[in-house]
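Okay, structure first, notes after.
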Amino acid sequence: MTYSNPKSTYICINKGEAIVPGEIEKQSICINEDIFEVIKEL
């Protein structure tokens with residue numbers, strides 16, 4: 001879905017497994033942390 005929409009952004013928050021497919025790397029934000037800690041900081 002991200003690949004087919006150039007205005008979209010893929011966001012992955014996953015400690016130890018923040019991985020993104022190469023095709024959408026430029027449209028992606030990966031955060032290699034615990035999602036609970038990330039949301040708590042927001």
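Just remember, in the structure tokens the first chain shown is A, the second B, etc., residues are 1-based per chain, and ligands are 1-based in the order shown.
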
Exercise for the section: Select from chain A everything DSSP, run on the backbone, classes as strand (DSSP E or B), then give the selection as a list of chain:residue names. Expected result: A:Tyr10, A:Ile11, A:Cys12, A:Ile13, A:Ser28, A:Ile29, A:Cys30, A:Ile31

Selection near segment 26-37 of chain A, 7 Å with only C-alpha atoms, sequence-local residues under 4 positions removed, as a PDB file with N, CA, C and O atoms, in the first residue's frame:
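And here's result.pdb as it stands now:
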ATOM      1  N   SER A   8       2.387   8.530   0.909  1.00  0.00           N
ATOM      2  CA  SER A   8       2.243   7.849   2.196  1.00  0.00           C
ATOM      3  C   SER A   8       3.605   7.599   2.847  1.00  0.00           C
ATOM      4  O   SER A   8       4.644   7.654   2.210  1.00  0.00           O
ATOM      5  N   THR A   9       3.541   7.319   4.144  1.00  0.00           N
ATOM      6  CA  THR A   9       4.739   6.987   4.911  1.00  0.00           C
ATOM      7  C   THR A   9       4.475   5.720   5.709  1.00  0.00           C
ATOM      8  O   THR A   9       3.439   5.592   6.360  1.00  0.00           O
ATOM      9  N   TYR A  10       5.416   4.796   5.653  1.00  0.00           N
ATOM     10  CA  TYR A  10       5.354   3.555   6.419  1.00  0.00           C
ATOM     11  C   TYR A  10       6.128   3.780   7.712  1.00  0.00           C
ATOM     12  O   TYR A  10       7.271   4.234   7.691  1.00  0.00           O
ATOM     13  N   ILE A  11       5.500   3.467   8.827  1.00  0.00           N
ATOM     14  CA  ILE A  11       6.154   3.635  10.126  1.00  0.00           C
ATOM     15  C   ILE A  11       6.172   2.294  10.845  1.00  0.00           C
ATOM     16  O   ILE A  11       5.138   1.646  10.984  1.00  0.00           O
ATOM     17  N   CYS A  12       7.352   1.900  11.295  1.00  0.00           N
ATOM     18  CA  CYS A  12       7.518   0.638  12.014  1.00  0.00           C
ATOM     19  C   CYS A  12       8.188   0.922  13.353  1.00  0.00           C
ATOM     20  O   CYS A  12       9.279   1.487  13.394  1.00  0.00           O
ATOM     21  N   ILE A  13       7.524   0.535  14.434  1.00  0.00           N
ATOM     22  CA  ILE A  13       8.093   0.651  15.784  1.00  0.00           C
ATOM     23  C   ILE A  13       8.123  -0.761  16.348  1.00  0.00           C
ATOM     24  O   ILE A  13       7.080  -1.348  16.618  1.00  0.00           O
ATOM     25  N   ASN A  14       9.330  -1.314  16.496  1.00  0.00           N
ATOM     26  CA  ASN A  14       9.445  -2.698  16.932  1.00  0.00           C
ATOM     27  C   ASN A  14      10.857  -2.964  17.427  1.00  0.00           C
ATOM     28  O   ASN A  14      11.799  -3.013  16.637  1.00  0.00           O
ATOM     29  N   LYS A  15      11.022  -3.121  18.712  1.00  0.00           N
ATOM     30  CA  LYS A  15      12.349  -3.337  19.293  1.00  0.00           C
ATOM     31  C   LYS A  15      12.962  -4.637  18.775  1.00  0.00           C
ATOM     32  O   LYS A  15      12.380  -5.709  18.910  1.00  0.00           O
ATOM     33  N   GLY A  16      14.100  -4.502  18.149  1.00  0.00           N
ATOM     34  CA  GLY A  16      14.831  -5.654  17.652  1.00  0.00           C
ATOM     35  C   GLY A  16      14.431  -6.113  16.264  1.00  0.00           C
ATOM     36  O   GLY A  16      15.125  -6.914  15.656  1.00  0.00           O
ATOM     37  N   GLU A  17      13.323  -5.599  15.734  1.00  0.00           N
ATOM     38  CA  GLU A  17      12.867  -6.033  14.416  1.00  0.00           C
ATOM     39  C   GLU A  17      12.250  -4.898  13.615  1.00  0.00           C
ATOM     40  O   GLU A  17      11.274  -5.091  12.902  1.00  0.00           O
ATOM     41  N   ALA A  18      12.806  -3.711  13.696  1.00  0.00           N
ATOM     42  CA  ALA A  18      12.304  -2.581  12.912  1.00  0.00           C
ATOM     43  C   ALA A  18      12.881  -2.710  11.504  1.00  0.00           C
ATOM     44  O   ALA A  18      13.966  -2.245  11.210  1.00  0.00           O
ATOM     45  N   ILE A  19      12.139  -3.370  10.649  1.00  0.00           N
ATOM     46  CA  ILE A  19      12.603  -3.700   9.305  1.00  0.00           C
ATOM     47  C   ILE A  19      11.651  -3.104   8.280  1.00  0.00           C
ATOM     48  O   ILE A  19      10.431  -3.082   8.485  1.00  0.00           O
ATOM     49  N   GLU A  41       6.837   8.579  25.531  1.00  0.00           N
ATOM     50  CA  GLU A  41       7.631   9.783  25.294  1.00  0.00           C
ATOM     51  C   GLU A  41       6.872  10.813  24.458  1.00  0.00           C
ATOM     52  O   GLU A  41       7.166  12.001  24.520  1.00  0.00           O
TER      53      GLU A  41
END

Practice task
Check the DSSP output for the backbone and give back, as a PyMOL selection string, the residues of chain A in helix (DSSP H, G or I).
Solution key: chain A and resi 22-27+35-41
